[in-house]
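So the structure is just underneath, and the comments pick up after that.
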Amino acid sequence: MSVPSGLLPATIAAAVEHELVIRKSRFLTVVAPVASTEDADAVIAAAKKRHWDARHNCSAQVTGLLGDRARSSDDGEPSGTAGVPMLEVLRRRELTDVVAVVTRWFGGIKLGAGGLVRAYSSAVSESLDLATLVDRRVLQQVQVAAPHADAGRFDNLLRDWVGRNSAVLGETSYADAAQFEVWAPAETIGGLQAEVAALSGGAVPAVGTGVERVIDVPR
């Protein structure tokens, strides 16, 4: 797998729903993580079906590992007053693989172009404030094969270590030995090897395989 270098856009861990009422208009927002433009379109379609009685279901989405695919829709609002401001919020937050849908029930008071821009921007921004963010990182695979009798000690060490080093614990298997898998930033692997060596008196190595993968890491 070819993976990019440098900082990658973050994403969100789970969907969030949030409601605003501005001058009697009700704005209900959902922001959700998605894996593709098709997933994002499905979230938008579901919102339109669920809120069939609303006047507008405006949307914005950013997808792709580098956030290189973007779409937005004003869904009947004056051009440029809803979808684009929503998209700008996603861009400013440096997010990808996320879709935002803002459903509006008109309250009888016109907000004007500036008011609509502020309302739709605030709806997405406040929803993202409630979301749990995860960072996308290029991590390298490290394997640790420990004796079964020491598996608990190594499990504790590795769980503590990944929490301190923007890493994640992968699959654990049990055959001739307890085989642990860690995905770690390249610059931290030396530290992991030192801690594993210290725990085992040098008897157990932490072996970097050179395999890289893009993985979501909770903040």
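Letters A, B, ... mark the chains of the structure tokens in the order given; residue numbers begin at 1 per chain; ligand numbers begin at 1, in order shown.
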- Query: Using only C-alpha atoms, which residues sit within 10 Å of segment 148-164 of chain A once same-chain residues fewer than 2 positions away are excluded, as a list of chain:residue names?
  - Reply: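 After dropping sequence-adjacent residues, the list is A:Val144, A:Ala145, A:Ala146, A:Ser166, A:Ala167, A:Val168, A:Leu169, A:Thr172, A:Tyr174, A:Ala175, A:Asp176, A:Ala177, A:Ala178, A:Gln179, A:Phe180, A:Glu181, A:Val182, A:Trp183, A:Ala184, A:Thr188, A:Gly191, A:Leu192, A:Glu195, A:Val196, A:Leu199, A:Ser200, A:Val217, A:Pro218, A:Arg219.
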Okay, now the selection with C-alpha atoms, as a tab-separated table (two decimals), in the first residue's frame?
```tsv
chain	number	residue	atom	x	y	z
A	144	VAL	CA	6.36	-8.54	19.74
A	145	ALA	CA	6.41	-12.29	20.43
A	146	ALA	CA	6.35	-12.93	24.21
A	166	SER	CA	-0.12	8.24	19.41
A	167	ALA	CA	-0.02	4.54	18.53
A	168	VAL	CA	-2.59	1.73	18.48
A	169	LEU	CA	-2.56	-1.90	19.52
A	172	THR	CA	-3.05	-10.32	19.31
A	174	TYR	CA	-1.66	-17.02	20.59
A	175	ALA	CA	0.31	-19.87	19.06
A	176	ASP	CA	3.81	-20.87	20.13
A	177	ALA	CA	4.02	-17.44	21.75
A	178	ALA	CA	1.76	-14.47	22.49
A	179	GLN	CA	2.12	-12.43	19.30
A	180	PHE	CA	1.34	-8.73	19.80
A	181	GLU	CA	0.98	-6.20	17.00
A	182	VAL	CA	1.59	-2.47	17.48
A	183	TRP	CA	1.12	0.31	14.92
A	184	ALA	CA	3.38	3.21	15.83
A	188	THR	CA	8.75	6.29	18.34
A	191	GLY	CA	11.55	3.93	22.36
A	192	LEU	CA	9.17	0.97	22.16
A	195	GLU	CA	10.92	-0.55	26.83
A	196	VAL	CA	10.26	-4.08	25.57
A	199	LEU	CA	10.88	-5.57	30.52
A	200	SER	CA	12.29	-8.80	29.11
A	217	VAL	CA	-5.88	7.36	16.25
A	218	PRO	CA	-8.16	8.80	19.00
A	219	ARG	CA	-7.01	12.14	20.40
```
Residues of segment 92-149 of chain A that have any atom at most 12 Å from an atom of segment 45-59 of chain A: could you tabulate them with the shortest-distance atom pair and the distance in Å to one decimal, using only C-alpha atoms, ordered by chain and increasing number, as JSON lines?
```
{"residue": "A:Val98", "atom": "CA", "partner": "A:Ser59", "partner_atom": "CA", "distance": 10.9}
{"residue": "A:Val99", "atom": "CA", "partner": "A:Ser59", "partner_atom": "CA", "distance": 7.3}
{"residue": "A:Ala100", "atom": "CA", "partner": "A:Ser59", "partner_atom": "CA", "distance": 5.5}
{"residue": "A:Val101", "atom": "CA", "partner": "A:Ser59", "partner_atom": "CA", "distance": 4.4}
{"residue": "A:Val102", "atom": "CA", "partner": "A:Cys58", "partner_atom": "CA", "distance": 5.2}
{"residue": "A:Thr103", "atom": "CA", "partner": "A:Asn57", "partner_atom": "CA", "distance": 4.3}
{"residue": "A:Arg104", "atom": "CA", "partner": "A:His56", "partner_atom": "CA", "distance": 5.2}
{"residue": "A:Trp105", "atom": "CA", "partner": "A:Ala54", "partner_atom": "CA", "distance": 5.0}
{"residue": "A:Phe106", "atom": "CA", "partner": "A:Arg55", "partner_atom": "CA", "distance": 6.7}
{"residue": "A:Gly107", "atom": "CA", "partner": "A:Arg55", "partner_atom": "CA", "distance": 10.3}
{"residue": "A:Gly108", "atom": "CA", "partner": "A:Arg55", "partner_atom": "CA", "distance": 11.6}
{"residue": "A:Leu116", "atom": "CA", "partner": "A:Cys58", "partner_atom": "CA", "distance": 11.4}
{"residue": "A:Val117", "atom": "CA", "partner": "A:Cys58", "partner_atom": "CA", "distance": 11.8}
{"residue": "A:Ala119", "atom": "CA", "partner": "A:Cys58", "partner_atom": "CA", "distance": 11.8}
{"residue": "A:Tyr120", "atom": "CA", "partner": "A:Cys58", "partner_atom": "CA", "distance": 8.6}
{"residue": "A:Ser121", "atom": "CA", "partner": "A:Ser59", "partner_atom": "CA", "distance": 11.3}
{"residue": "A:Ala123", "atom": "CA", "partner": "A:Cys58", "partner_atom": "CA", "distance": 11.2}
{"residue": "A:Val124", "atom": "CA", "partner": "A:Ser59", "partner_atom": "CA", "distance": 9.9}
```
- Who sits within 12 Å of Thr11 of chain A, only C-alpha atoms, same chain under 6 positions skipped, as a PyMOL selection string: chain A and resi 31-35+61-67+90-91+93-99+128+131-137+215-219
- Query: Could you pull out all residues of segment 20-171 of chain A with a DSSP call of strand (DSSP E or B) and give them as an MDAnalysis selection string?
  - Reply: chainID A and resid 20:22 25:33 56:63 69:73 95 98:105 133:146 168:171
- One decimal, Å: what's the distance from atom CA of Lys24 of chain A over to atom CA of Ile12 of chain A, could you say?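 For atom CA of Lys24 of chain A relative to atom CA of Ile12 of chain A, the distance reads 29.9 Å.
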Please, which residues of chain A, numbered as in this document, come out helix (DSSP H, G or I) from DSSP, as a short mmCIF file (atom, residue, chain, number, x, y, z; two decimals) with N, CA, C and O atoms, in the first residue's frame?
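Once everything was written out, this is part_1.cif:
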```
data_model
loop_
_atom_site.label_atom_id
_atom_site.label_comp_id
_atom_site.auth_asym_id
_atom_site.auth_seq_id
_atom_site.Cartn_x
_atom_site.Cartn_y
_atom_site.Cartn_z
N THR A 37 -17.91 9.05 -1.05
CA THR A 37 -18.96 9.97 -1.47
C THR A 37 -20.31 9.27 -1.49
O THR A 37 -21.34 9.89 -1.20
N GLU A 38 -20.32 7.98 -1.81
CA GLU A 38 -21.57 7.22 -1.84
C GLU A 38 -22.17 7.14 -0.44
O GLU A 38 -23.39 7.28 -0.26
N ASP A 39 -21.32 6.91 0.56
CA ASP A 39 -21.80 6.89 1.95
C ASP A 39 -22.37 8.24 2.34
O ASP A 39 -23.40 8.33 3.02
N ALA A 40 -21.67 9.31 1.95
CA ALA A 40 -22.13 10.66 2.28
C ALA A 40 -23.48 10.93 1.62
O ALA A 40 -24.40 11.49 2.26
N ASP A 41 -23.62 10.56 0.35
CA ASP A 41 -24.90 10.76 -0.35
C ASP A 41 -26.02 9.99 0.32
O ASP A 41 -27.18 10.45 0.37
N ALA A 42 -25.69 8.82 0.87
CA ALA A 42 -26.71 8.01 1.55
C ALA A 42 -27.17 8.69 2.84
O ALA A 42 -28.36 8.65 3.18
N VAL A 43 -26.25 9.33 3.56
CA VAL A 43 -26.62 10.07 4.77
C VAL A 43 -27.54 11.23 4.42
O VAL A 43 -28.54 11.49 5.10
N ILE A 44 -27.21 11.93 3.34
CA ILE A 44 -28.04 13.06 2.90
C ILE A 44 -29.44 12.58 2.49
O ILE A 44 -30.45 13.17 2.88
N ALA A 45 -29.49 11.49 1.73
CA ALA A 45 -30.78 10.94 1.29
C ALA A 45 -31.62 10.51 2.49
O ALA A 45 -32.85 10.71 2.51
N ALA A 46 -30.98 9.92 3.50
CA ALA A 46 -31.71 9.48 4.69
C ALA A 46 -32.29 10.67 5.45
O ALA A 46 -33.41 10.60 5.96
N ALA A 47 -31.52 11.77 5.51
CA ALA A 47 -32.02 12.97 6.19
C ALA A 47 -33.22 13.54 5.45
O ALA A 47 -34.21 13.95 6.08
N LYS A 48 -33.16 13.56 4.14
CA LYS A 48 -34.28 14.09 3.36
C LYS A 48 -35.53 13.22 3.53
O LYS A 48 -36.66 13.74 3.61
N LYS A 49 -35.33 11.92 3.59
CA LYS A 49 -36.47 11.02 3.78
C LYS A 49 -37.06 11.17 5.18
O LYS A 49 -38.28 11.21 5.36
N ARG A 50 -36.18 11.27 6.17
CA ARG A 50 -36.63 11.38 7.55
C ARG A 50 -37.33 12.70 7.81
O ARG A 50 -38.34 12.77 8.50
N GLY A 83 -24.71 25.68 1.60
CA GLY A 83 -23.76 24.60 1.35
C GLY A 83 -22.31 25.03 1.41
O GLY A 83 -21.48 24.38 2.06
N VAL A 84 -21.98 26.14 0.74
CA VAL A 84 -20.59 26.60 0.73
C VAL A 84 -20.12 27.03 2.13
O VAL A 84 -19.02 26.65 2.56
N PRO A 85 -20.89 27.80 2.88
CA PRO A 85 -20.46 28.11 4.26
C PRO A 85 -20.29 26.87 5.13
O PRO A 85 -19.37 26.81 5.95
N MET A 86 -21.14 25.87 4.95
CA MET A 86 -20.99 24.61 5.68
C MET A 86 -19.69 23.93 5.30
O MET A 86 -18.94 23.43 6.15
N LEU A 87 -19.41 23.92 3.99
CA LEU A 87 -18.18 23.29 3.50
C LEU A 87 -16.95 24.01 4.05
O LEU A 87 -15.94 23.37 4.40
N GLU A 88 -17.02 25.33 4.13
CA GLU A 88 -15.89 26.10 4.65
C GLU A 88 -15.58 25.74 6.10
O GLU A 88 -14.42 25.72 6.51
N VAL A 89 -16.60 25.44 6.87
CA VAL A 89 -16.37 25.02 8.26
C VAL A 89 -15.61 23.70 8.29
O VAL A 89 -14.65 23.53 9.04
N LEU A 90 -16.02 22.75 7.45
CA LEU A 90 -15.31 21.47 7.39
C LEU A 90 -13.87 21.67 6.96
O LEU A 90 -12.95 21.03 7.49
N ARG A 91 -13.64 22.58 6.00
CA ARG A 91 -12.29 22.86 5.52
C ARG A 91 -11.45 23.50 6.62
O ARG A 91 -10.28 23.13 6.82
N ARG A 92 -12.02 24.49 7.31
CA ARG A 92 -11.27 25.17 8.38
C ARG A 92 -10.89 24.22 9.50
O ARG A 92 -9.83 24.36 10.11
N GLY A 112 -32.23 36.79 5.74
CA GLY A 112 -31.33 37.50 4.84
C GLY A 112 -30.11 36.65 4.53
O GLY A 112 -29.81 35.67 5.22
N ALA A 113 -29.39 37.04 3.49
CA ALA A 113 -28.24 36.24 3.05
C ALA A 113 -27.19 36.10 4.15
O ALA A 113 -26.70 35.00 4.43
N GLY A 114 -26.85 37.22 4.78
CA GLY A 114 -25.84 37.17 5.84
C GLY A 114 -26.29 36.34 7.02
O GLY A 114 -25.50 35.58 7.60
N GLY A 115 -27.56 36.44 7.36
CA GLY A 115 -28.09 35.66 8.47
C GLY A 115 -28.08 34.17 8.18
O GLY A 115 -27.80 33.35 9.07
N LEU A 116 -28.37 33.81 6.93
CA LEU A 116 -28.35 32.39 6.56
C LEU A 116 -26.93 31.84 6.61
O LEU A 116 -26.70 30.74 7.12
N VAL A 117 -25.97 32.61 6.10
CA VAL A 117 -24.57 32.16 6.14
C VAL A 117 -24.14 31.91 7.58
O VAL A 117 -23.54 30.88 7.90
N ARG A 118 -24.47 32.85 8.47
CA ARG A 118 -24.10 32.69 9.88
C ARG A 118 -24.81 31.50 10.51
O ARG A 118 -24.22 30.75 11.29
N ALA A 119 -26.07 31.32 10.17
CA ALA A 119 -26.85 30.24 10.77
C ALA A 119 -26.31 28.87 10.35
O ALA A 119 -26.10 27.99 11.19
N TYR A 120 -26.09 28.68 9.07
CA TYR A 120 -25.62 27.38 8.60
C TYR A 120 -24.18 27.10 9.06
O TYR A 120 -23.83 25.97 9.41
N SER A 121 -23.36 28.15 9.07
CA SER A 121 -21.99 27.98 9.58
C SER A 121 -22.00 27.59 11.05
O SER A 121 -21.29 26.68 11.48
N SER A 122 -22.80 28.30 11.84
CA SER A 122 -22.87 28.02 13.28
C SER A 122 -23.42 26.64 13.55
O SER A 122 -22.97 25.94 14.47
N ALA A 123 -24.41 26.22 12.76
CA ALA A 123 -25.01 24.90 12.96
C ALA A 123 -23.96 23.80 12.82
O ALA A 123 -23.89 22.88 13.65
N VAL A 124 -23.12 23.90 11.80
CA VAL A 124 -22.08 22.88 11.59
C VAL A 124 -20.97 23.02 12.62
O VAL A 124 -20.49 22.03 13.20
N SER A 125 -20.56 24.25 12.89
CA SER A 125 -19.46 24.48 13.82
C SER A 125 -19.82 23.98 15.22
O SER A 125 -19.01 23.30 15.88
N GLU A 126 -21.00 24.29 15.70
CA GLU A 126 -21.41 23.85 17.03
C GLU A 126 -21.55 22.33 17.10
O GLU A 126 -21.25 21.72 18.13
N SER A 127 -21.98 21.71 16.01
CA SER A 127 -22.09 20.25 15.99
C SER A 127 -20.71 19.61 16.07
O SER A 127 -20.50 18.64 16.80
N LEU A 128 -19.75 20.17 15.34
CA LEU A 128 -18.39 19.63 15.38
C LEU A 128 -17.74 19.83 16.74
O LEU A 128 -16.90 19.03 17.16
N ASP A 129 -18.14 20.89 17.45
CA ASP A 129 -17.62 21.09 18.81
C ASP A 129 -18.02 19.93 19.73
O ASP A 129 -17.34 19.67 20.73
N HIS A 148 4.07 -17.14 26.72
CA HIS A 148 2.70 -17.12 27.24
C HIS A 148 2.67 -16.73 28.72
O HIS A 148 1.76 -16.02 29.16
N ALA A 149 3.65 -17.17 29.49
CA ALA A 149 3.66 -16.88 30.93
C ALA A 149 3.79 -15.40 31.21
O ALA A 149 3.38 -14.92 32.28
N ASP A 150 4.36 -14.65 30.26
CA ASP A 150 4.57 -13.21 30.45
C ASP A 150 3.60 -12.36 29.64
O ASP A 150 3.75 -11.13 29.57
N ALA A 151 2.60 -12.98 29.03
CA ALA A 151 1.70 -12.26 28.13
C ALA A 151 1.00 -11.10 28.83
O ALA A 151 0.85 -10.01 28.26
N GLY A 152 0.58 -11.30 30.07
CA GLY A 152 -0.12 -10.24 30.80
C GLY A 152 0.76 -9.02 31.02
O GLY A 152 0.30 -7.87 30.87
N ARG A 153 2.01 -9.24 31.36
CA ARG A 153 2.92 -8.12 31.59
C ARG A 153 3.17 -7.33 30.30
O ARG A 153 3.19 -6.10 30.31
N PHE A 154 3.35 -8.05 29.19
CA PHE A 154 3.59 -7.37 27.92
C PHE A 154 2.33 -6.65 27.44
O PHE A 154 2.41 -5.55 26.87
N ASP A 155 1.19 -7.26 27.66
CA ASP A 155 -0.07 -6.60 27.29
C ASP A 155 -0.23 -5.29 28.04
O ASP A 155 -0.58 -4.26 27.44
N ASN A 156 0.05 -5.28 29.33
CA ASN A 156 -0.05 -4.04 30.12
C ASN A 156 0.94 -3.00 29.62
O ASN A 156 0.61 -1.81 29.50
N LEU A 157 2.17 -3.43 29.36
CA LEU A 157 3.19 -2.49 28.87
C LEU A 157 2.77 -1.86 27.55
O LEU A 157 2.84 -0.63 27.38
N LEU A 158 2.33 -2.68 26.61
CA LEU A 158 2.00 -2.18 25.29
C LEU A 158 0.77 -1.28 25.31
O LEU A 158 0.73 -0.26 24.61
N ARG A 159 -0.22 -1.62 26.12
CA ARG A 159 -1.40 -0.77 26.21
C ARG A 159 -1.04 0.60 26.80
O ARG A 159 -1.54 1.63 26.35
N ASP A 160 -0.18 0.60 27.79
CA ASP A 160 0.27 1.87 28.36
C ASP A 160 1.10 2.65 27.34
O ASP A 160 0.92 3.87 27.18
N TRP A 161 1.95 1.97 26.61
CA TRP A 161 2.85 2.63 25.68
C TRP A 161 2.09 3.28 24.53
O TRP A 161 2.38 4.42 24.15
N VAL A 162 1.13 2.57 23.94
CA VAL A 162 0.40 3.15 22.81
C VAL A 162 -0.38 4.39 23.24
O VAL A 162 -0.53 5.34 22.47
N GLY A 163 -0.86 4.41 24.48
CA GLY A 163 -1.58 5.56 24.96
C GLY A 163 -0.72 6.80 25.11
O GLY A 163 -1.22 7.93 25.10
N ARG A 164 0.57 6.60 25.25
CA ARG A 164 1.51 7.71 25.42
C ARG A 164 2.18 8.14 24.13
O ARG A 164 2.90 9.15 24.12
N ALA A 186 6.89 6.16 13.13
CA ALA A 186 8.25 5.65 12.89
C ALA A 186 9.24 6.16 13.92
O ALA A 186 10.12 5.42 14.39
N GLU A 187 9.12 7.43 14.31
CA GLU A 187 10.10 8.03 15.21
C GLU A 187 9.99 7.53 16.65
O GLU A 187 10.87 7.81 17.48
N THR A 188 8.93 6.78 16.97
CA THR A 188 8.75 6.29 18.34
C THR A 188 9.16 4.83 18.51
O THR A 188 9.20 4.32 19.64
N ILE A 189 9.45 4.16 17.40
CA ILE A 189 9.70 2.71 17.47
C ILE A 189 10.93 2.39 18.31
O ILE A 189 10.95 1.40 19.07
N GLY A 190 11.96 3.21 18.23
CA GLY A 190 13.15 2.98 19.05
C GLY A 190 12.83 2.97 20.54
O GLY A 190 13.36 2.14 21.30
N GLY A 191 11.96 3.89 20.96
CA GLY A 191 11.55 3.93 22.36
C GLY A 191 10.79 2.69 22.77
O GLY A 191 10.96 2.16 23.88
N LEU A 192 9.91 2.20 21.87
CA LEU A 192 9.17 0.97 22.16
C LEU A 192 10.13 -0.22 22.30
O LEU A 192 10.00 -1.03 23.22
N GLN A 193 11.08 -0.29 21.40
CA GLN A 193 12.05 -1.40 21.47
C GLN A 193 12.83 -1.37 22.78
O GLN A 193 13.09 -2.41 23.37
N ALA A 194 13.16 -0.17 23.24
CA ALA A 194 13.91 -0.05 24.50
C ALA A 194 13.07 -0.52 25.68
O ALA A 194 13.56 -1.21 26.58
N GLU A 195 11.77 -0.16 25.71
CA GLU A 195 10.92 -0.55 26.83
C GLU A 195 10.65 -2.05 26.84
O GLU A 195 10.62 -2.68 27.90
N VAL A 196 10.47 -2.63 25.65
CA VAL A 196 10.26 -4.08 25.57
C VAL A 196 11.52 -4.81 26.01
O VAL A 196 11.46 -5.81 26.75
N ALA A 197 12.66 -4.30 25.60
CA ALA A 197 13.93 -4.93 26.00
C ALA A 197 14.13 -4.84 27.50
O ALA A 197 14.60 -5.80 28.14
N ALA A 198 13.78 -3.70 28.09
CA ALA A 198 13.94 -3.53 29.53
C ALA A 198 13.05 -4.48 30.31
O ALA A 198 13.46 -5.05 31.33
N LEU A 199 11.82 -4.68 29.83
CA LEU A 199 10.88 -5.57 30.52
C LEU A 199 11.34 -7.02 30.45
O LEU A 199 11.16 -7.79 31.41
N SER A 200 11.93 -7.39 29.33
CA SER A 200 12.29 -8.80 29.11
C SER A 200 13.76 -9.10 29.38
O SER A 200 14.19 -10.24 29.17
#
```
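In this structure, atom CA of Leu20 of chain A sits 27.8 Å away from atom CA of Ser36 of chain A.
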- Message: Rounded to one decimal, what separation in Å do you get between atom CA of Asp74 of chain A and atom CA of Arg26 of chain A?
- Response: 16.1 Å
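With distances restricted to only C-alpha atoms, A:Val211 is the closest residue to Val142 of chain A from A:Ile109, A:Ala10, A:Val211, A:Val16.
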